[in-house]
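This is data.tsv. It holds TSV, C-alpha atoms.
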chain	number	residue	atom	x	y	z
B	1	MET	CA	24.19	63.63	42.14
B	2	VAL	CA	23.51	59.94	42.69
B	3	THR	CA	20.22	59.55	44.55
B	4	LEU	CA	18.82	57.04	47.00
B	5	SER	CA	16.62	55.75	44.18
B	6	ASP	CA	19.72	55.07	42.07
B	7	ILE	CA	21.30	53.15	44.94
B	8	ARG	CA	18.14	51.14	45.63
B	9	ALA	CA	17.90	50.25	41.95
B	10	ALA	CA	21.53	49.09	42.06
B	11	ALA	CA	20.77	46.96	45.13
B	12	THR	CA	17.92	45.23	43.30
B	13	ARG	CA	20.14	44.69	40.26
B	14	LEU	CA	22.98	43.25	42.34
B	15	ALA	CA	21.02	41.15	44.84
B	16	PRO	CA	21.17	37.85	42.89
B	17	HIS	CA	24.93	38.13	42.42
B	18	ILE	CA	26.63	39.53	45.56
B	19	HIS	CA	26.73	38.94	49.30
B	20	GLU	CA	25.02	41.13	51.83
B	21	THR	CA	28.11	41.29	53.99
B	22	PRO	CA	27.77	40.94	57.77
B	23	ILE	CA	28.42	43.32	60.63
B	24	LEU	CA	31.20	42.02	62.90
B	25	ARG	CA	31.61	43.06	66.52
B	26	CYS	CA	34.46	42.54	68.97
B	27	ARG	CA	34.65	43.60	72.63
B	28	SER	CA	38.43	44.02	72.40
B	29	LEU	CA	38.15	46.53	69.56
B	30	ASP	CA	35.35	48.38	71.33
B	31	GLU	CA	37.66	48.74	74.33
B	32	ALA	CA	40.60	49.90	72.21
B	33	ALA	CA	38.45	52.49	70.42
B	34	GLY	CA	36.61	53.60	73.56
B	35	ARG	CA	33.24	53.10	71.88
B	36	PRO	CA	31.21	50.32	70.17
B	37	LEU	CA	32.27	49.55	66.60
B	38	ALA	CA	30.13	47.88	63.95
B	39	LEU	CA	32.57	46.47	61.39
B	40	LYS	CA	31.05	46.25	57.91
B	41	ALA	CA	32.90	43.24	56.50
B	42	GLU	CA	33.36	44.02	52.81
B	43	ASN	CA	36.51	41.90	53.05
B	44	LEU	CA	34.05	38.97	52.87
B	45	GLN	CA	32.47	40.18	49.62
B	46	ARG	CA	32.95	38.16	46.43
B	47	GLY	CA	36.37	39.05	45.08
B	48	GLY	CA	37.46	40.10	48.56
B	49	ALA	CA	36.34	43.74	48.35
B	50	PHE	CA	33.43	46.10	47.80
B	51	LYS	CA	34.55	46.78	44.24
B	52	LEU	CA	32.38	44.07	42.66
B	53	ARG	CA	29.30	46.11	43.58
B	54	GLY	CA	30.13	49.08	41.36
B	55	ALA	CA	31.74	47.07	38.58
B	56	LEU	CA	28.81	44.70	38.18
B	57	ASN	CA	26.25	47.49	38.48
B	58	THR	CA	28.02	49.20	35.58
B	59	LEU	CA	28.36	46.13	33.36
B	60	LEU	CA	24.73	45.14	33.89
B	61	GLN	CA	23.69	48.51	32.43
B	62	LEU	CA	25.93	48.42	29.36
B	63	SER	CA	24.33	48.01	25.96
B	64	ALA	CA	24.88	44.84	23.97
B	65	ALA	CA	27.18	46.82	21.65
B	66	ASP	CA	29.30	48.09	24.54
B	67	ARG	CA	29.65	44.59	25.96
B	68	ALA	CA	30.57	43.20	22.54
B	69	ARG	CA	33.51	45.62	22.30
B	70	GLY	CA	34.88	44.31	25.58
B	71	VAL	CA	35.55	46.36	28.72
B	72	ILE	CA	38.73	47.91	30.05
B	73	ALA	CA	39.70	49.26	33.45
B	74	HIS	CA	42.78	50.64	35.17
B	75	SER	CA	43.38	49.53	38.73
B	76	SER	CA	45.99	48.67	41.33
B	77	GLY	CA	44.04	45.57	42.27
B	78	ASN	CA	40.56	45.37	43.77
B	79	HIS	CA	38.67	47.18	41.00
B	80	ALA	CA	40.57	44.95	38.59
B	81	GLN	CA	39.18	41.86	40.29
B	82	GLY	CA	35.68	43.31	40.50
B	83	VAL	CA	35.61	44.05	36.76
B	84	ALA	CA	37.11	40.66	35.94
B	85	ILE	CA	34.49	38.81	37.98
B	86	ALA	CA	31.63	40.87	36.56
B	87	ALA	CA	32.88	40.35	33.02
B	88	ARG	CA	33.16	36.61	33.54
B	89	MET	CA	29.58	36.48	34.87
B	90	LEU	CA	28.30	38.19	31.73
B	91	GLY	CA	30.59	36.56	29.16
B	92	VAL	CA	32.37	39.82	28.34
B	93	ARG	CA	36.06	40.21	27.54
B	94	ALA	CA	37.92	42.26	30.16
B	95	VAL	CA	41.28	44.00	29.77
B	96	ILE	CA	42.83	45.42	32.94
B	97	VAL	CA	45.69	47.94	32.99
B	98	MET	CA	47.72	47.49	36.19
B	99	PRO	CA	50.96	49.14	37.32
B	100	GLN	CA	54.09	47.02	37.11
B	101	ASN	CA	54.46	47.26	40.90
B	102	ALA	CA	50.88	46.19	41.62
B	103	ASN	CA	50.34	43.61	44.35
B	104	PRO	CA	51.28	40.24	42.75
B	105	LEU	CA	48.44	38.52	44.61
B	106	LYS	CA	45.90	40.88	43.05
B	107	VAL	CA	47.44	40.55	39.60
B	108	ALA	CA	47.29	36.75	39.79
B	109	ALA	CA	43.71	36.84	41.03
B	110	THR	CA	42.67	39.17	38.20
B	111	ARG	CA	44.16	36.82	35.63
B	112	GLY	CA	42.57	33.89	37.44
B	113	TYR	CA	39.14	35.45	36.93
B	114	GLY	CA	39.81	35.44	33.17
B	115	ALA	CA	40.88	39.02	32.45
B	116	ASP	CA	43.78	40.01	30.20
B	117	VAL	CA	46.24	42.04	32.28
B	118	VAL	CA	48.44	44.73	30.69
B	119	GLN	CA	51.42	45.84	32.79
B	120	ASP	CA	54.35	46.58	30.43
B	121	GLY	CA	55.50	50.14	31.02
B	122	VAL	CA	52.50	50.92	33.25
B	123	THR	CA	52.99	53.00	36.42
B	124	GLY	CA	50.62	54.56	38.90
B	125	ASP	CA	51.18	57.89	37.15
B	126	ASN	CA	50.50	56.81	33.55
B	127	ARG	CA	47.90	54.05	33.82
B	128	GLU	CA	45.05	56.32	32.72
B	129	GLN	CA	46.98	57.36	29.62
B	130	ALA	CA	47.84	53.72	28.85
B	131	THR	CA	44.15	52.86	29.16
B	132	ALA	CA	43.15	55.70	26.83
B	133	ARG	CA	45.62	54.46	24.18
B	134	LEU	CA	44.15	50.96	24.29
B	135	ILE	CA	40.62	52.36	24.00
B	136	ALA	CA	41.67	54.38	20.95
B	137	GLN	CA	43.27	51.30	19.36
B	138	HIS	CA	40.59	48.70	20.15
B	139	GLY	CA	37.38	50.51	21.05
B	140	TYR	CA	37.01	48.98	24.50
B	141	THR	CA	34.33	50.29	26.86
B	142	LEU	CA	35.81	51.99	29.92
B	143	VAL	CA	34.72	50.91	33.41
B	144	HIS	CA	36.14	53.71	35.54
B	145	PRO	CA	37.16	52.75	39.09
B	146	TYR	CA	35.28	55.60	40.79
B	147	ASP	CA	34.28	58.61	38.65
B	148	ASP	CA	31.04	57.18	37.27
B	149	ASP	CA	27.47	57.41	38.59
B	150	ARG	CA	26.90	53.67	38.08
B	151	ILE	CA	30.01	52.88	40.12
B	152	ILE	CA	28.96	55.29	42.87
B	153	ALA	CA	25.46	53.81	43.05
B	154	GLY	CA	26.86	50.29	43.24
B	155	GLN	CA	29.26	51.18	46.04
B	156	GLY	CA	26.40	53.02	47.73
B	157	THR	CA	24.72	49.69	48.42
B	158	VAL	CA	27.30	49.28	51.22
B	159	GLY	CA	25.75	52.32	52.90
B	160	LEU	CA	22.25	51.04	52.21
B	161	GLU	CA	23.07	47.83	54.07
B	162	ILE	CA	24.73	49.67	56.96
B	163	ALA	CA	21.62	51.83	57.38
B	164	THR	CA	19.48	48.72	57.95
B	165	GLN	CA	22.03	46.61	59.84
B	166	VAL	CA	23.20	49.16	62.45
B	167	ASN	CA	20.41	50.55	64.59
B	168	ASP	CA	20.48	54.34	64.90
B	169	VAL	CA	23.91	54.60	63.24
B	170	ASP	CA	25.31	58.03	64.06
B	171	ALA	CA	28.67	57.92	62.23
B	172	VAL	CA	30.21	55.94	59.39
B	173	PHE	CA	33.96	55.74	58.72
B	174	VAL	CA	35.13	54.95	55.18
B	175	PRO	CA	38.57	54.81	53.51
B	176	ILE	CA	39.06	57.22	50.61
B	177	GLY	CA	40.99	56.51	47.43
B	178	GLY	CA	39.28	57.80	44.31
B	179	GLY	CA	36.11	58.45	46.29
B	180	GLY	CA	33.69	55.94	44.77
B	181	LEU	CA	32.97	54.17	48.05
B	182	ILE	CA	32.59	57.19	50.31
B	183	SER	CA	30.48	59.15	47.83
B	184	GLY	CA	28.05	56.23	47.45
B	185	VAL	CA	27.98	55.47	51.17
B	186	ALA	CA	27.44	59.13	52.05
B	187	ALA	CA	24.58	59.45	49.54
B	188	ALA	CA	22.83	56.40	51.02
B	189	VAL	CA	23.44	57.05	54.72
B	190	LYS	CA	22.63	60.76	54.64
B	191	SER	CA	19.36	60.03	52.84
B	192	LEU	CA	18.23	57.44	55.38
B	193	HIS	CA	19.84	58.90	58.52
B	194	PRO	CA	20.19	62.66	57.93
B	195	GLY	CA	21.70	63.20	61.38
B	196	ALA	CA	24.47	60.65	60.91
B	197	ARG	CA	27.96	61.88	60.14
B	198	VAL	CA	30.21	60.40	57.47
B	199	PHE	CA	33.99	60.57	57.86
B	200	GLY	CA	36.57	59.64	55.26
B	201	VAL	CA	39.96	58.31	56.29
B	202	GLU	CA	43.28	58.60	54.43
B	203	THR	CA	46.92	57.95	55.25
B	204	GLU	CA	49.69	60.52	55.50
B	205	GLY	CA	50.95	61.42	52.05
B	206	ALA	CA	47.76	60.09	50.43
B	207	ASP	CA	45.69	62.90	51.93
B	208	ASP	CA	44.36	64.62	48.81
B	209	ALA	CA	40.73	64.47	49.99
B	210	ALA	CA	41.65	66.02	53.35
B	211	ARG	CA	43.51	68.78	51.50
B	212	SER	CA	40.55	69.23	49.17
B	213	LEU	CA	38.06	69.73	51.99
B	214	ALA	CA	40.45	72.09	53.78
B	215	SER	CA	40.93	74.25	50.67
B	216	GLY	CA	37.41	73.98	49.29
B	217	SER	CA	38.58	72.75	45.89
B	218	ARG	CA	39.65	69.39	44.52
B	219	GLN	CA	43.39	68.86	45.07
B	220	ARG	CA	45.71	66.53	43.18
B	221	LEU	CA	48.87	64.97	44.58
B	222	SER	CA	52.10	65.55	42.66
B	223	ALA	CA	53.17	61.88	42.85
B	224	VAL	CA	51.72	58.50	43.75
B	225	PRO	CA	52.06	58.10	47.55
B	226	THR	CA	54.05	55.23	49.05
B	227	THR	CA	51.61	54.27	51.82
B	228	ILE	CA	51.18	50.59	52.72
B	229	ALA	CA	47.48	51.06	51.92
B	230	ASP	CA	47.85	50.38	48.21
B	231	GLY	CA	44.13	50.73	47.51
B	232	ILE	CA	44.11	54.47	48.27
B	233	ARG	CA	47.07	55.58	46.19
B	234	SER	CA	44.95	57.71	43.84
B	235	LEU	CA	46.31	61.13	42.95
B	236	SER	CA	42.92	62.77	43.49
B	237	VAL	CA	39.27	61.97	44.02
B	238	GLY	CA	37.09	61.96	40.93
B	239	GLU	CA	35.06	64.96	39.77
B	240	ARG	CA	31.68	63.35	40.45
B	241	ASN	CA	32.96	61.98	43.73
B	242	TRP	CA	34.24	65.37	44.84
B	243	GLU	CA	30.83	66.99	44.30
B	244	ILE	CA	29.27	64.47	46.69
B	245	ILE	CA	32.16	64.55	49.17
B	246	ARG	CA	32.14	68.33	49.52
B	247	ARG	CA	28.37	68.37	50.14
B	248	LEU	CA	27.86	65.30	52.31
B	249	VAL	CA	31.12	64.24	54.01
B	250	ASP	CA	31.63	65.73	57.47
B	251	GLY	CA	35.41	65.43	57.56
B	252	VAL	CA	38.45	63.49	56.42
B	253	LEU	CA	40.75	62.04	59.08
B	254	VAL	CA	44.42	61.26	58.41
B	255	VAL	CA	46.27	58.32	60.00
B	256	SER	CA	49.82	56.99	59.75
B	257	ASP	CA	51.00	53.70	58.30
B	258	PHE	CA	51.82	52.73	61.88
B	259	ASP	CA	48.16	53.28	62.83
B	260	VAL	CA	47.02	51.15	59.89
B	261	ALA	CA	49.38	48.29	60.68
B	262	ALA	CA	48.35	48.34	64.35
B	263	ALA	CA	44.66	48.24	63.38
B	264	LEU	CA	45.29	45.44	60.88
B	265	THR	CA	46.99	43.40	63.59
B	266	LEU	CA	44.06	43.81	65.99
B	267	LEU	CA	41.56	42.87	63.28
B	268	LEU	CA	43.56	39.75	62.50
B	269	THR	CA	44.28	38.64	66.06
B	270	ARG	CA	41.12	39.75	67.90
B	271	VAL	CA	38.35	39.76	65.30
B	272	LYS	CA	39.90	36.81	63.47
B	273	THR	CA	39.18	38.44	60.13
B	274	VAL	CA	41.68	39.05	57.33
B	275	VAL	CA	41.88	42.55	55.91
B	276	GLU	CA	44.43	44.18	53.66
B	277	PRO	CA	46.06	47.44	54.82
B	278	THR	CA	43.48	49.58	52.99
B	279	GLY	CA	40.74	47.58	54.67
B	280	ALA	CA	42.09	48.62	58.08
B	281	VAL	CA	42.41	52.36	57.31
B	282	ALA	CA	38.98	53.41	58.58
B	283	ALA	CA	39.34	51.34	61.76
B	284	ALA	CA	42.75	52.94	62.37
B	285	ALA	CA	41.14	56.37	62.78
B	286	LEU	CA	39.13	55.10	65.74
B	287	LEU	CA	41.63	52.68	67.27
B	288	SER	CA	44.44	55.26	67.29
B	289	ARG	CA	42.18	57.74	69.13
B	290	LYS	CA	44.16	60.60	67.58
B	291	HIS	CA	40.98	62.24	66.24
B	292	ALA	CA	38.81	61.86	69.35
B	293	ASP	CA	38.12	65.60	69.45
B	294	ARG	CA	36.81	65.64	65.88
B	295	ILE	CA	34.82	62.42	66.20
B	296	GLY	CA	33.11	63.47	69.41
B	297	ASP	CA	30.55	61.41	71.29
B	298	VAL	CA	29.80	58.76	68.67
B	299	ARG	CA	27.93	55.79	70.13
B	300	ASN	CA	26.90	53.77	67.06
B	301	ALA	CA	29.88	53.85	64.72
B	302	ALA	CA	30.00	51.79	61.54
B	303	VAL	CA	33.45	51.12	60.10
B	304	VAL	CA	33.90	49.82	56.55
B	305	LEU	CA	36.51	47.08	56.21
B	306	SER	CA	36.82	47.68	52.50
B	307	GLY	CA	38.92	44.71	51.39
B	308	GLY	CA	40.62	41.50	52.42
B	309	ASN	CA	43.06	40.75	49.61
B	310	LEU	CA	46.09	40.60	51.85
B	311	ASP	CA	49.45	39.49	50.48
B	312	LEU	CA	50.72	37.38	53.37
B	313	GLY	CA	54.28	37.83	52.14
B	314	SER	CA	54.10	41.54	52.91
B	315	LEU	CA	52.05	41.34	56.09
B	316	PRO	CA	53.17	44.39	58.09
B	317	LEU	CA	52.95	42.72	61.50
B	318	ALA	CA	56.40	43.85	62.65
B	319	LEU	CA	55.57	47.57	62.54
B	320	PRO	CA	53.07	47.78	65.41
B	321	LEU	CA	55.24	45.48	67.54
B	322	ALA	CA	58.06	48.04	67.52
B	323	ASP	CA	58.07	51.08	69.78
B	324	PRO	CA	55.29	53.37	68.58
B	325	PRO	CA	56.43	56.65	67.03
B	326	ALA	CA	56.26	59.84	69.06
B	327	GLY	CA	52.68	60.92	69.61
B	328	ALA	CA	51.13	57.61	68.58
B	329	HIS	CA	48.41	56.20	70.80
B	330	PRO	CA	49.60	52.83	72.17
B	331	ILE	CA	46.70	50.57	71.26
B	332	SER	CA	46.10	48.10	74.07
B	333	VAL	CA	43.36	45.69	75.10
B	334	THR	CA	42.82	43.34	78.00
B	335	PRO	CA	42.94	39.60	77.30
B	336	SER	CA	39.79	38.26	75.62
Show the structure stored in the file as structure tokens.
Amino acid sequence: MVTLSDIRAAATRLAPHIHETPILRCRSLDEAAGRPLALKAENLQRGGAFKLRGALNTLLQLSAADRARGVIAHSSGNHAQGVAIAARMLGVRAVIVMPQNANPLKVAATRGYGADVVQDGVTGDNREQATARLIAQHGYTLVHPYDDDRIIAGQGTVGLEIATQVNDVDAVFVPIGGGGLISGVAAAVKSLHPGARVFGVETEGADDAARSLASGSRQRLSAVPTTIADGIRSLSVGERNWEIIRRLVDGVLVVSDFDVAAALTLLLTRVKTVVEPTGAVAAAALLSRKHADRIGDVRNAAVVLSGGNLDLGSLPLALPLADPPAGAHPISVTPS
């Protein structure tokens, strides 16, 4: 398992290159959630997401021969940008395999950072196979989006920062896709604050981690989910990630797309910070209040806003303005 020493070494390695992102607070969100929230603003990280941490930590540890072959990654967007930025920093060629239906904003940004993007015939189901074919043909070095100890340690620096920025943190809420972020955050937070709880958050239909914890074994979805949170459309968490999740994560909470859109709207209008749908997933678990019984009496909650690469053309503002679905908590706040 990735250790606190690994994460601290990653933090030292990354310090000259990344931002220590701030903690944001907002009375309106505290009121809506019924408890104080410390918002860890990874949407303000270079590249607009936490992904640069793991990507750069990996590239900085590659041998000269591995860098010379060029690197390759498969991603729906934010890992793509993280690898592209890291590769540009180090003068390494980057090839990114992205599904044809990937967010156009993220595709354009990845190309803008200098990476070669491959999309022809690529889907969410076959992108790993497409990547493997390109590695076999060209010898590229794989930078996996989550199932790699160097990635986990890099993402764990988010937890390291939370542990020093939030006094007596007693719970941390993290979105789960492939599991790189939550496994690194859990390893850091549990080492420094053993009594703190770590909760993952997924959306309905993208709930493979919740199913995995419930069954006791790693579960894989049969098809790529259609959630608006495009950053968590993985079919399953990684093998390394699962080993950490099953030991250190206290639970996985499931929210609806309605909950995510409502949380995104509050973050935009009340906190005045831009997040993408995936970046609002963890906040949605608290703002919806649908898991109050599982969360319990948390008084110092840290919530990871994982990314801010929002495509304004698909901003889902209309959804929370409609009548909430049956059983949904009507999020409301008093005027600021």
*Figure out the distance between atom CA of Met98 of chain B and atom CA of Ala186 of chain B, please, to one decimal in Å.*
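Separation of atom CA of Ala186 of chain B and atom CA of Met98 of chain B: 28.3 Å.
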*Atomic distance atom CA of Ala292 of chain B - atom CA of Ala32 of chain B, expressed in Å with one decimal*: 12.4 Å
*Using only C-alpha atoms, determine which residues lie at most 8 Å from segment 218-226 of chain B, disregarding the query and same-chain residues fewer than 6 positions distant; provide the list as a list of chain:residue names.*
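My reading of the contact set: B:Gly124, B:Asp125, B:Gly205, B:Ala206, B:Asp208, B:Ala209, B:Arg211, B:Ser212, B:Arg233, B:Ser234, B:Leu235, B:Ser236, B:Val237, B:Glu239, B:Trp242.
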Keeping only C-alpha atoms, take the residues you just selected and write them out as a compact mmCIF listing (two decimals), in the frame of the given file.
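This is the output file part_0.txt:
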# COMPACT_ATOMS: atom_id res chain seq x y z
CA GLY B 124 50.62 54.56 38.90
CA ASP B 125 51.18 57.89 37.15
CA GLY B 205 50.95 61.42 52.05
CA ALA B 206 47.76 60.09 50.43
CA ASP B 208 44.36 64.62 48.81
CA ALA B 209 40.73 64.47 49.99
CA ARG B 211 43.51 68.78 51.50
CA SER B 212 40.55 69.23 49.17
CA ARG B 233 47.07 55.58 46.19
CA SER B 234 44.95 57.71 43.84
CA LEU B 235 46.31 61.13 42.95
CA SER B 236 42.92 62.77 43.49
CA VAL B 237 39.27 61.97 44.02
CA GLU B 239 35.06 64.96 39.77
CA TRP B 242 34.24 65.37 44.84
*Using only C-alpha atoms, determine which residues lie at most 7 Å from Ala171 of chain B, disregarding the query and same-chain residues fewer than 4 positions distant; provide the list as a list in words.*
Ala196, Arg197, Val198, Val298, Asn300, Ala301 and Ala302 of chain B
*asked:* Using all atoms listed in the file, which protein or nucleic acid residues come within 7 Å of segment 59-70 of chain B? Drop anything in the same chain fewer than 3 positions from it, and give the result as a list of chain:residue names.
replied: B:Ala55, B:Leu56, B:Ala86, B:Val92, B:Arg93, B:Ala94, B:Gly139, B:Tyr140, B:Thr141
*Calculate how many Å separate atom CA of Ala115 of chain B from atom CA of Asn101 of chain B, rounding to one decimal.*
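Rounded to one decimal, the two atoms are 18.0 Å apart.
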Kindly provide, as AutoDock Vina command-line options, the centre and edge lengths (Å, one decimal) of an axis-aligned box around all atoms of segment 93-102 of chain B given in the file, with 8 Å on each side.
--center_x 45.3 --center_y 44.7 --center_z 34.6 --size_x 34.4 --size_y 24.9 --size_z 30.1
_Can you pull out the residues contacting Pro194 of chain B? Cut-off 12 Å, using all atoms listed in the file, and skip same-chain residues under 3 positions away; I want them as an MDAnalysis selection string._
chainID B and resid 163 168:171 186:191 197:198 248:250
Keeping only C-alpha atoms, write the selected residues to a file as an mmCIF file, in the coordinates of the input.
data_model
loop_
_atom_site.group_PDB
_atom_site.id
_atom_site.type_symbol
_atom_site.label_atom_id
_atom_site.label_comp_id
_atom_site.auth_asym_id
_atom_site.auth_seq_id
_atom_site.Cartn_x
_atom_site.Cartn_y
_atom_site.Cartn_z
ATOM 1 C CA ALA B 163 21.620 51.830 57.380
ATOM 2 C CA ASP B 168 20.480 54.340 64.900
ATOM 3 C CA VAL B 169 23.910 54.600 63.240
ATOM 4 C CA ASP B 170 25.310 58.030 64.060
ATOM 5 C CA ALA B 171 28.670 57.920 62.230
ATOM 6 C CA ALA B 186 27.440 59.130 52.050
ATOM 7 C CA ALA B 187 24.580 59.450 49.540
ATOM 8 C CA ALA B 188 22.830 56.400 51.020
ATOM 9 C CA VAL B 189 23.440 57.050 54.720
ATOM 10 C CA LYS B 190 22.630 60.760 54.640
ATOM 11 C CA SER B 191 19.360 60.030 52.840
ATOM 12 C CA ARG B 197 27.960 61.880 60.140
ATOM 13 C CA VAL B 198 30.210 60.400 57.470
ATOM 14 C CA LEU B 248 27.860 65.300 52.310
ATOM 15 C CA VAL B 249 31.120 64.240 54.010
ATOM 16 C CA ASP B 250 31.630 65.730 57.470
#
*asked:* With only C-alpha atoms as the counted atoms, please give the residues lying no more than 12 Å from Ile135 of chain B, apart from itself and same-chain residues fewer than 4 positions off, as a list of chain:residue names.
replied: B:Arg69, B:Gly70, B:Val71, B:Ile72, B:Ala73, B:His74, B:Val95, B:Ile96, B:Val97, B:Glu128, B:Gln129, B:Ala130, B:Thr131, B:Gly139, B:Tyr140, B:Thr141, B:Leu142, B:Val143
With C-alpha atoms retained, could you export that selection as a short mmCIF file (atom, residue, chain, number, x, y, z; two decimals), keeping the file's coordinate frame?
data_model
loop_
_atom_site.label_atom_id
_atom_site.label_comp_id
_atom_site.auth_asym_id
_atom_site.auth_seq_id
_atom_site.Cartn_x
_atom_site.Cartn_y
_atom_site.Cartn_z
CA ARG B 69 33.51 45.62 22.30
CA GLY B 70 34.88 44.31 25.58
CA VAL B 71 35.55 46.36 28.72
CA ILE B 72 38.73 47.91 30.05
CA ALA B 73 39.70 49.26 33.45
CA HIS B 74 42.78 50.64 35.17
CA VAL B 95 41.28 44.00 29.77
CA ILE B 96 42.83 45.42 32.94
CA VAL B 97 45.69 47.94 32.99
CA GLU B 128 45.05 56.32 32.72
CA GLN B 129 46.98 57.36 29.62
CA ALA B 130 47.84 53.72 28.85
CA THR B 131 44.15 52.86 29.16
CA GLY B 139 37.38 50.51 21.05
CA TYR B 140 37.01 48.98 24.50
CA THR B 141 34.33 50.29 26.86
CA LEU B 142 35.81 51.99 29.92
CA VAL B 143 34.72 50.91 33.41
#
*Just give me the residues with any atom within 12 Å of (27.2, 56.0, 35.1), file coordinates, counting all atoms listed in the file, written as a PyMOL selection string.*
chain B and resi 1-2+6-7+10+54-62+142-154+180+240-241
